[in-house]
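Chemist: File name input.txt; file contents compact mmCIF, C-alpha atoms and all ligand atoms; full text below.
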```
# COMPACT_ATOMS: atom_id res chain seq x y z
CA MET A 218 3.97 10.61 -2.41
CA LYS A 219 4.18 7.19 -4.04
CA LEU A 220 0.93 5.49 -4.96
CA PHE A 221 0.49 1.73 -4.56
CA ILE A 222 -2.67 -0.19 -5.37
CA ASP A 223 -4.08 -2.36 -2.59
CA SER A 224 -5.43 -5.22 -4.67
CA ALA A 225 -4.83 -8.74 -5.97
CA ASP A 226 -7.18 -8.24 -8.93
CA ILE A 227 -5.15 -8.36 -12.16
CA ARG A 228 -7.62 -6.22 -14.14
CA GLU A 229 -7.62 -3.49 -11.50
CA ILE A 230 -3.83 -3.52 -11.30
CA GLN A 231 -3.53 -3.35 -15.10
CA GLU A 232 -5.98 -0.41 -15.27
CA ALA A 233 -4.13 1.49 -12.55
CA LYS A 234 -0.84 0.77 -14.34
CA ASP A 235 -2.31 2.09 -17.61
CA MET A 236 -3.20 5.33 -15.81
CA GLY A 237 0.56 5.86 -15.50
CA VAL A 238 0.56 6.60 -11.79
CA LEU A 239 1.25 3.22 -10.23
CA ASP A 240 4.39 2.81 -8.13
CA GLY A 241 3.72 -0.58 -6.54
CA VAL A 242 1.23 -3.11 -5.20
CA THR A 243 0.23 -4.43 -1.80
CA THR A 244 -1.72 -7.65 -1.36
CA ASN A 245 -3.00 -9.49 1.68
CA PRO A 246 -4.62 -12.92 2.19
CA SER A 247 -8.15 -11.43 2.15
CA LEU A 248 -7.53 -9.66 -1.18
CA VAL A 249 -6.10 -12.83 -2.74
CA ALA A 250 -9.08 -14.88 -1.45
CA LYS A 251 -11.46 -12.39 -3.11
CA THR A 252 -10.02 -13.24 -6.54
CA GLY A 253 -11.03 -16.91 -6.23
CA ARG A 254 -7.64 -17.86 -7.75
CA THR A 255 -4.64 -19.59 -6.22
CA PHE A 256 -2.06 -17.49 -4.41
CA GLU A 257 0.70 -18.84 -6.66
CA GLU A 258 -1.05 -17.77 -9.89
CA VAL A 259 -1.95 -14.33 -8.61
CA ALA A 260 1.46 -13.63 -7.05
CA GLN A 261 3.38 -14.65 -10.19
CA GLU A 262 1.22 -12.50 -12.48
CA ILE A 263 1.38 -9.41 -10.31
CA VAL A 264 5.14 -9.63 -9.75
CA GLU A 265 5.70 -9.92 -13.51
CA MET A 266 3.34 -7.13 -14.58
CA VAL A 267 4.54 -4.46 -12.14
CA ASP A 268 8.02 -2.93 -12.08
CA GLY A 269 7.71 -1.50 -8.57
CA PRO A 270 7.60 -3.26 -5.20
CA VAL A 271 4.94 -5.95 -4.66
CA SER A 272 4.14 -6.87 -1.06
CA LEU A 273 3.31 -10.56 -0.55
CA GLU A 274 2.24 -11.59 2.95
CA VAL A 275 3.46 -14.55 5.02
CA LEU A 276 0.82 -16.72 6.68
CA ALA A 277 3.06 -18.23 9.36
CA THR A 278 2.82 -16.71 12.82
CA ASP A 279 6.08 -18.14 14.20
CA TYR A 280 9.62 -16.95 13.47
CA ASP A 281 10.89 -20.10 11.70
CA GLY A 282 7.77 -20.38 9.58
CA MET A 283 7.98 -16.71 8.55
CA ILE A 284 11.62 -17.04 7.49
CA ARG A 285 10.86 -20.22 5.52
CA GLU A 286 7.90 -18.57 3.78
CA ALA A 287 9.85 -15.40 3.05
CA GLU A 288 12.50 -17.48 1.27
CA GLU A 289 9.78 -19.04 -0.90
CA LEU A 290 8.09 -15.69 -1.62
CA MET A 291 11.39 -14.11 -2.69
CA LYS A 292 11.54 -16.62 -5.56
CA TYR A 293 8.67 -14.83 -7.34
CA GLY A 294 10.93 -11.93 -8.32
CA ASP A 295 13.40 -9.24 -7.32
CA ASN A 296 10.63 -6.72 -6.64
CA VAL A 297 8.97 -8.81 -3.90
CA VAL A 298 8.60 -7.19 -0.48
CA ILE A 299 7.84 -9.57 2.38
CA LYS A 300 4.78 -8.48 4.32
CA ILE A 301 4.98 -9.49 7.96
CA PRO A 302 2.47 -8.80 10.74
CA LEU A 303 3.63 -6.75 13.71
CA ILE A 304 3.71 -9.47 16.33
CA LEU A 305 6.81 -10.41 18.38
CA ASP A 306 7.94 -13.20 16.06
CA GLY A 307 7.23 -10.86 13.16
CA LEU A 308 9.59 -8.29 14.60
CA LYS A 309 12.35 -10.88 14.99
CA ALA A 310 11.80 -12.10 11.44
CA THR A 311 11.88 -8.49 10.22
CA LYS A 312 15.30 -7.98 11.82
CA THR A 313 16.72 -11.20 10.33
CA LEU A 314 15.40 -10.54 6.82
CA SER A 315 16.33 -6.85 6.82
CA ASP A 316 19.87 -7.71 7.92
CA GLN A 317 20.05 -9.93 4.81
CA GLY A 318 18.99 -7.01 2.61
CA ILE A 319 15.46 -8.35 2.09
CA LYS A 320 12.76 -5.67 2.10
CA VAL A 321 10.04 -6.09 4.72
CA ASN A 322 6.68 -4.34 4.96
CA ASN A 323 5.38 -4.54 8.53
CA THR A 324 1.62 -4.78 8.39
CA LEU A 325 -1.24 -4.41 10.89
CA CYS A 326 0.37 -1.42 12.61
CA PHE A 327 -1.96 0.42 14.97
CA SER A 328 0.36 2.30 17.33
CA PRO A 329 3.35 4.66 17.21
CA MET A 330 5.55 2.33 19.28
CA GLN A 331 4.84 -0.64 17.00
CA ALA A 332 6.05 1.64 14.21
CA MET A 333 9.18 2.66 16.09
CA LEU A 334 10.13 -0.95 16.84
CA ALA A 335 9.55 -1.89 13.19
CA ALA A 336 11.93 0.88 12.14
CA LYS A 337 14.54 -0.22 14.68
CA ALA A 338 14.27 -3.78 13.30
CA GLY A 339 15.04 -2.38 9.84
CA ALA A 340 11.67 -2.63 8.07
CA ALA A 341 11.63 -1.02 4.63
CA TYR A 342 7.95 -0.03 5.06
CA ILE A 343 5.54 0.41 7.94
CA SER A 344 1.83 -0.01 7.17
CA PRO A 345 -0.41 1.82 9.66
CA PHE A 346 -4.08 0.96 8.99
CA VAL A 347 -5.96 4.27 9.12
CA GLY A 348 -9.43 3.11 8.03
CA ARG A 349 -9.63 0.34 10.60
CA LEU A 350 -8.74 2.85 13.36
CA ASP A 351 -11.40 5.27 12.10
CA ASP A 352 -13.85 2.33 12.17
CA ILE A 353 -13.42 2.05 15.95
CA SER A 354 -13.62 5.82 16.48
CA GLN A 355 -9.87 6.39 16.80
CA ASP A 356 -8.14 8.93 14.59
CA GLY A 357 -6.22 6.99 11.93
CA MET A 358 -4.59 10.06 10.44
CA GLU A 359 -3.30 11.17 13.82
CA LEU A 360 -1.30 7.94 13.92
CA ILE A 361 0.28 8.82 10.56
CA ASP A 362 1.19 12.29 11.78
CA THR A 363 2.85 10.86 14.91
CA ILE A 364 4.81 8.20 13.02
CA VAL A 365 6.05 10.68 10.40
CA GLN A 366 7.25 12.93 13.22
CA ILE A 367 8.98 10.13 15.16
CA TYR A 368 10.72 8.83 12.03
CA SER A 369 11.87 12.33 11.18
CA ASN A 370 13.11 13.02 14.75
CA TYR A 371 15.40 10.00 14.66
CA MET A 372 16.05 9.88 10.91
CA PHE A 373 14.65 6.35 10.52
CA GLU A 374 14.71 5.32 6.88
CA THR A 375 11.59 3.14 7.05
CA GLU A 376 8.95 4.46 4.65
CA VAL A 377 5.51 5.30 6.01
CA LEU A 378 3.02 3.41 3.83
CA VAL A 379 -0.51 4.55 4.66
CA ALA A 380 -2.81 1.51 4.50
CA SER A 381 -6.51 0.75 4.94
CA VAL A 382 -7.30 3.88 2.94
CA ARG A 383 -11.02 4.47 2.53
CA ASN A 384 -11.37 7.83 0.79
CA PRO A 385 -9.54 10.69 -0.98
CA ILE A 386 -9.34 12.74 2.22
CA HIS A 387 -7.06 10.09 3.71
CA LEU A 388 -4.72 10.73 0.77
CA VAL A 389 -4.82 14.52 0.95
CA GLU A 390 -3.96 14.29 4.65
CA SER A 391 -1.24 11.68 4.03
CA ALA A 392 0.43 13.90 1.43
CA ARG A 393 0.10 16.96 3.68
CA MET A 394 1.74 15.07 6.56
CA GLY A 395 4.60 13.84 4.38
CA ALA A 396 3.83 10.11 4.29
CA ASP A 397 6.08 8.35 1.78
CA VAL A 398 3.49 6.03 0.21
CA ALA A 399 -0.23 5.31 0.28
CA THR A 400 -1.72 2.00 -0.78
CA VAL A 401 -5.16 2.56 -2.18
CA PRO A 402 -8.10 0.40 -3.33
CA PHE A 403 -8.87 0.80 -7.04
CA GLY A 404 -12.24 2.46 -6.35
CA VAL A 405 -10.53 5.23 -4.39
CA ILE A 406 -7.83 5.69 -7.07
CA LYS A 407 -10.63 6.40 -9.57
CA GLN A 408 -12.33 8.77 -7.12
CA LEU A 409 -9.13 10.84 -6.97
CA MET A 410 -9.69 12.02 -10.54
CA LYS A 411 -13.35 12.93 -10.07
CA HIS A 412 -14.54 16.48 -9.63
CA PRO A 413 -18.05 17.65 -10.58
CA LEU A 414 -16.71 20.99 -11.84
CA THR A 415 -14.35 19.16 -14.22
CA ASP A 416 -17.31 17.23 -15.69
CA ILE A 417 -19.58 20.29 -15.87
CA GLY A 418 -16.78 22.39 -17.39
CA LEU A 419 -16.04 19.77 -20.04
CA GLN A 420 -19.72 19.47 -21.02
CA LYS A 421 -19.91 23.25 -21.44
CA PHE A 422 -16.73 23.38 -23.56
CA LEU A 423 -18.01 20.59 -25.79
CA ALA A 424 -21.44 22.24 -26.16
CA ASP A 425 -19.84 25.62 -27.02
CA ALA A 426 -17.44 23.97 -29.49
CA LYS A 427 -20.42 22.90 -31.59
CA LYS A 428 -21.14 26.58 -32.17
CA THR A 429 -17.64 27.29 -33.59
CA PRO A 430 -16.53 24.23 -35.52
CA GLN A 431 -12.83 23.60 -35.02
CA LYS A 432 -10.52 21.47 -37.20
CA GLY A 433 -8.08 18.90 -35.77
C1 LIG B 1 -2.46 -3.05 3.64
O1 LIG B 1 -1.45 -3.37 3.04
C2 LIG B 1 -3.72 -3.82 3.65
O2 LIG B 1 -3.71 -4.70 2.53
C3 LIG B 1 -4.94 -2.99 3.50
O3 LIG B 1 -4.66 -1.64 3.27
C4 LIG B 1 -6.02 -3.28 4.47
O4 LIG B 1 -7.13 -2.47 4.19
P1 LIG B 1 -8.59 -2.76 4.76
O5 LIG B 1 -8.65 -2.28 6.16
O6 LIG B 1 -9.48 -1.96 3.85
O7 LIG B 1 -8.81 -4.25 4.64
```
Translate the structure described by the file into structure tokens.
Modeler:
Amino acid sequence: MKLFIDSADIREIQEAKDMGVLDGVTTNPSLVAKTGRTFEEVAQEIVEMVDGPVSLEVLATDYDGMIREAEELMKYGDNVVIKIPLILDGLKATKTLSDQGIKVNNTLCFSPMQAMLAAKAGAAYISPFVGRLDDISQDGMELIDTIVQIYSNYMFETEVLVASVRNPIHLVESARMGADVATVPFGVIKQLMKHPLTDIGLQKFLADAKKTPQKG
């Protein structure tokens, strides 16, 4: 499963990149706003520092505006993926851009049929938001399971990109279900490496090593 970071914070992205496990980045207007920097500055830096796909989101909610914005966003670099919300005009824009070979990430997906239409329109990625479904007492991971199954039944090539990830269990389940990608906040990426038995085991090894000095 590919691992993207869900962030617009340059330091977080750099740290995740240094860990050697980063395959791409997703941003959204809320994440960019949190940085307190301009969209242009942030987008340019991220696109240049990451080799993998970087999702940049359109703000327009009408077809023409989305297409215009997508053309501007593509100028940041070859690895830009246009993030488009799953509304009717978004679906039309997805079809137009995908037909031109431009990669689209359909965001704000909350149902299996939204995901199926996105795939039919040619989206490169579908982003179902699992955490936000859990927040309203619906099962976010069940949606992933259903979409993975539908895509496999009809051999859709759209990649399932698990979004709104809140904890490591979401990732274990995503990998078990065969999702293609998960986009993960930096805090959760760090959590993935934590295990109390690893820390306790290391302390014990280091304490015992003092008893039998070892060179090198
Ligand atoms: C997806 O690409 C979104 O940026 C993101 O995962 C939303 O997560 P949230 O529900 O934690 O805001």
Chemist: Can you work out which one of A:Ile353, A:Ala426, A:Leu325, A:Met330 has the shortest atom-to-atom distance to ligand LIG 1 (chain B), counting all atoms listed in the file?
Modeler: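 Of A:Ile353, A:Ala426, A:Leu325, A:Met330, the one nearest ligand LIG 1 (chain B), counting all atoms listed in the file, is A:Leu325.
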Chemist: May I ask which of the residues A:Leu248, A:Leu303, A:Met333, A:Leu220 is the closest one to ligand LIG 1 (chain B), counting all atoms listed in the file?
Modeler: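 Of A:Leu248, A:Leu303, A:Met333, A:Leu220, the one nearest ligand LIG 1 (chain B), counting all atoms listed in the file, is A:Leu248.
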Chemist: Out of A:Ser272, A:Thr415, A:Gln355, A:Ser224, which residue has the shortest atom-to-atom distance to A:Lys251 when counting only C-alpha atoms?
Modeler: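 Going through A:Ser272, A:Thr415, A:Gln355, A:Ser224 one by one, the smallest distance to A:Lys251 is for A:Ser224.
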Chemist: Measuring between only C-alpha atoms, which one of A:Ser328, A:Thr363, A:Thr244, A:Gln317 shows the shortest distance to A:Ala260?
Modeler: A:Thr244
Chemist: May I have the residues at most 9 Å from (0.2, 6.5, 14.2) in the file's coordinates, counting all atoms listed in the file, as a PyMOL selection string?
Modeler: chain A and resi 326-332+345-347+356-365
Chemist: Please write the residues from the selection above to a file, keeping C-alpha atoms, as a CSV table (one decimal), keeping the file's coordinate frame.
Modeler:
```
chain,number,residue,atom,x,y,z
A,326,CYS,CA,0.4,-1.4,12.6
A,327,PHE,CA,-2.0,0.4,15.0
A,328,SER,CA,0.4,2.3,17.3
A,329,PRO,CA,3.4,4.7,17.2
A,330,MET,CA,5.6,2.3,19.3
A,331,GLN,CA,4.8,-0.6,17.0
A,332,ALA,CA,6.0,1.6,14.2
A,345,PRO,CA,-0.4,1.8,9.7
A,346,PHE,CA,-4.1,1.0,9.0
A,347,VAL,CA,-6.0,4.3,9.1
A,356,ASP,CA,-8.1,8.9,14.6
A,357,GLY,CA,-6.2,7.0,11.9
A,358,MET,CA,-4.6,10.1,10.4
A,359,GLU,CA,-3.3,11.2,13.8
A,360,LEU,CA,-1.3,7.9,13.9
A,361,ILE,CA,0.3,8.8,10.6
A,362,ASP,CA,1.2,12.3,11.8
A,363,THR,CA,2.8,10.9,14.9
A,364,ILE,CA,4.8,8.2,13.0
A,365,VAL,CA,6.0,10.7,10.4
```
Chemist: Report, in Å to a single decimal, how far apart atom CA of A:Ile301 and atom CA of A:Met266 are.
Modeler: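 Distance reported for this atom pair: 22.7 Å.
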Chemist: Determine the nearest neighbour of A:Ala277 from the options A:Met218, A:Leu419, A:Met291, A:Ile304, counting all atoms listed in the file.
Modeler: A:Ile304
Chemist: As a ChimeraX atom specification, please: the residues near stretch 228-240 of chain A (cut-off 8 Å, all atoms listed in the file, same-chain neighbours under 2 positions excluded).
Modeler: /A:219-222,224-226,242,263,266-270,403,406
Chemist: Next, the residues of the selection above should be written as a tab-separated table (two decimals), keeping the file's coordinate frame with C-alpha atoms.
Modeler:
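Output file selection-v5.tsv follows:
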```tsv
chain	number	residue	atom	x	y	z
A	219	LYS	CA	4.18	7.19	-4.04
A	220	LEU	CA	0.93	5.49	-4.96
A	221	PHE	CA	0.49	1.73	-4.56
A	222	ILE	CA	-2.67	-0.19	-5.37
A	224	SER	CA	-5.43	-5.22	-4.67
A	225	ALA	CA	-4.83	-8.74	-5.97
A	226	ASP	CA	-7.18	-8.24	-8.93
A	242	VAL	CA	1.23	-3.11	-5.20
A	263	ILE	CA	1.38	-9.41	-10.31
A	266	MET	CA	3.34	-7.13	-14.58
A	267	VAL	CA	4.54	-4.46	-12.14
A	268	ASP	CA	8.02	-2.93	-12.08
A	269	GLY	CA	7.71	-1.50	-8.57
A	270	PRO	CA	7.60	-3.26	-5.20
A	403	PHE	CA	-8.87	0.80	-7.04
A	406	ILE	CA	-7.83	5.69	-7.07
```
Chemist: Using only C-alpha atoms and all ligand atoms, what table do you get, as a tab-separated table, when you list each residue of chain A with an atom no more than 7 Å from ligand LIG 1 (chain B), its nearest pair of atoms, and their distance in Å rounded to one decimal, rows by chain then rising number?
Modeler:
```
residue	atom	partner	partner_atom	distance
A:Asp223	CA	B:LIG1	O2	5.6
A:Thr243	CA	B:LIG1	O1	5.2
A:Thr244	CA	B:LIG1	O2	5.3
A:Asn245	CA	B:LIG1	O2	4.9
A:Thr324	CA	B:LIG1	O1	6.3
A:Ser344	CA	B:LIG1	O1	6.3
A:Phe346	CA	B:LIG1	O5	6.3
A:Gly348	CA	B:LIG1	O5	5.8
A:Arg349	CA	B:LIG1	O5	5.2
A:Ala380	CA	B:LIG1	O3	3.9
A:Ser381	CA	B:LIG1	O4	3.4
A:Val382	CA	B:LIG1	O3	6.1
A:Arg383	CA	B:LIG1	O6	6.7
A:Thr400	CA	B:LIG1	O3	6.2
A:Val401	CA	B:LIG1	O3	6.9
```
Chemist: Between atom CA of A:Asn384 and atom CA of A:Gln408, what is the distance in Å, rounded to a tenth?
Modeler: 8.0 Å
Chemist: Counting all atoms listed in the file, what is within 9 Å of A:Ser315, bar same-chain residues fewer than 5 positions away, as a list in words?
Modeler: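 Counting all atoms listed in the file, the residues come to Ala310, Lys320, Val321, Ala338, Gly339, Ala340 and Ala341 of chain A.
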Chemist: Can you measure atom CA of A:Thr311 to atom CA of A:Gly282 for me? One decimal in Å is fine.
Modeler: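 If I compute the distance from atom CA of A:Thr311 to atom CA of A:Gly282, I get 12.6 Å.
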Chemist: Nearest to A:Tyr280: which of A:Phe256, A:Leu314, A:Val264, A:Pro430 is it, counting all atoms listed in the file?
Modeler: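 Counting all atoms listed in the file, the residue closest to A:Tyr280 is A:Leu314.
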Chemist: Using only C-alpha atoms, give me every residue within 10 Å of (6.8, 7.5, 7.2) in file coordinates, as an mmCIF file with C-alpha atoms, in the coordinates of the input.
Modeler:
```
data_model
loop_
_atom_site.group_PDB
_atom_site.id
_atom_site.type_symbol
_atom_site.label_atom_id
_atom_site.label_comp_id
_atom_site.auth_asym_id
_atom_site.auth_seq_id
_atom_site.Cartn_x
_atom_site.Cartn_y
_atom_site.Cartn_z
ATOM 1 C CA ALA A 332 6.050 1.640 14.210
ATOM 2 C CA ALA A 336 11.930 0.880 12.140
ATOM 3 C CA TYR A 342 7.950 -0.030 5.060
ATOM 4 C CA ILE A 343 5.540 0.410 7.940
ATOM 5 C CA SER A 344 1.830 -0.010 7.170
ATOM 6 C CA PRO A 345 -0.410 1.820 9.660
ATOM 7 C CA ILE A 361 0.280 8.820 10.560
ATOM 8 C CA ASP A 362 1.190 12.290 11.780
ATOM 9 C CA THR A 363 2.850 10.860 14.910
ATOM 10 C CA ILE A 364 4.810 8.200 13.020
ATOM 11 C CA VAL A 365 6.050 10.680 10.400
ATOM 12 C CA GLN A 366 7.250 12.930 13.220
ATOM 13 C CA ILE A 367 8.980 10.130 15.160
ATOM 14 C CA TYR A 368 10.720 8.830 12.030
ATOM 15 C CA SER A 369 11.870 12.330 11.180
ATOM 16 C CA PHE A 373 14.650 6.350 10.520
ATOM 17 C CA GLU A 374 14.710 5.320 6.880
ATOM 18 C CA THR A 375 11.590 3.140 7.050
ATOM 19 C CA GLU A 376 8.950 4.460 4.650
ATOM 20 C CA VAL A 377 5.510 5.300 6.010
ATOM 21 C CA LEU A 378 3.020 3.410 3.830
ATOM 22 C CA VAL A 379 -0.510 4.550 4.660
ATOM 23 C CA SER A 391 -1.240 11.680 4.030
ATOM 24 C CA MET A 394 1.740 15.070 6.560
ATOM 25 C CA GLY A 395 4.600 13.840 4.380
ATOM 26 C CA ALA A 396 3.830 10.110 4.290
ATOM 27 C CA ASP A 397 6.080 8.350 1.780
ATOM 28 C CA VAL A 398 3.490 6.030 0.210
#
```
Chemist: Enclose all atoms of stretch 348-353 of chain A listed in the file in an axis-aligned box, grow every side by 4 Å, and hand back centre and edge lengths in Å to one decimal, as lines of an AutoDock Vina configuration file.
Modeler:
```
center_x = -11.3
center_y = 2.8
center_z = 12.0
size_x = 13.1
size_y = 12.9
size_z = 15.9
```
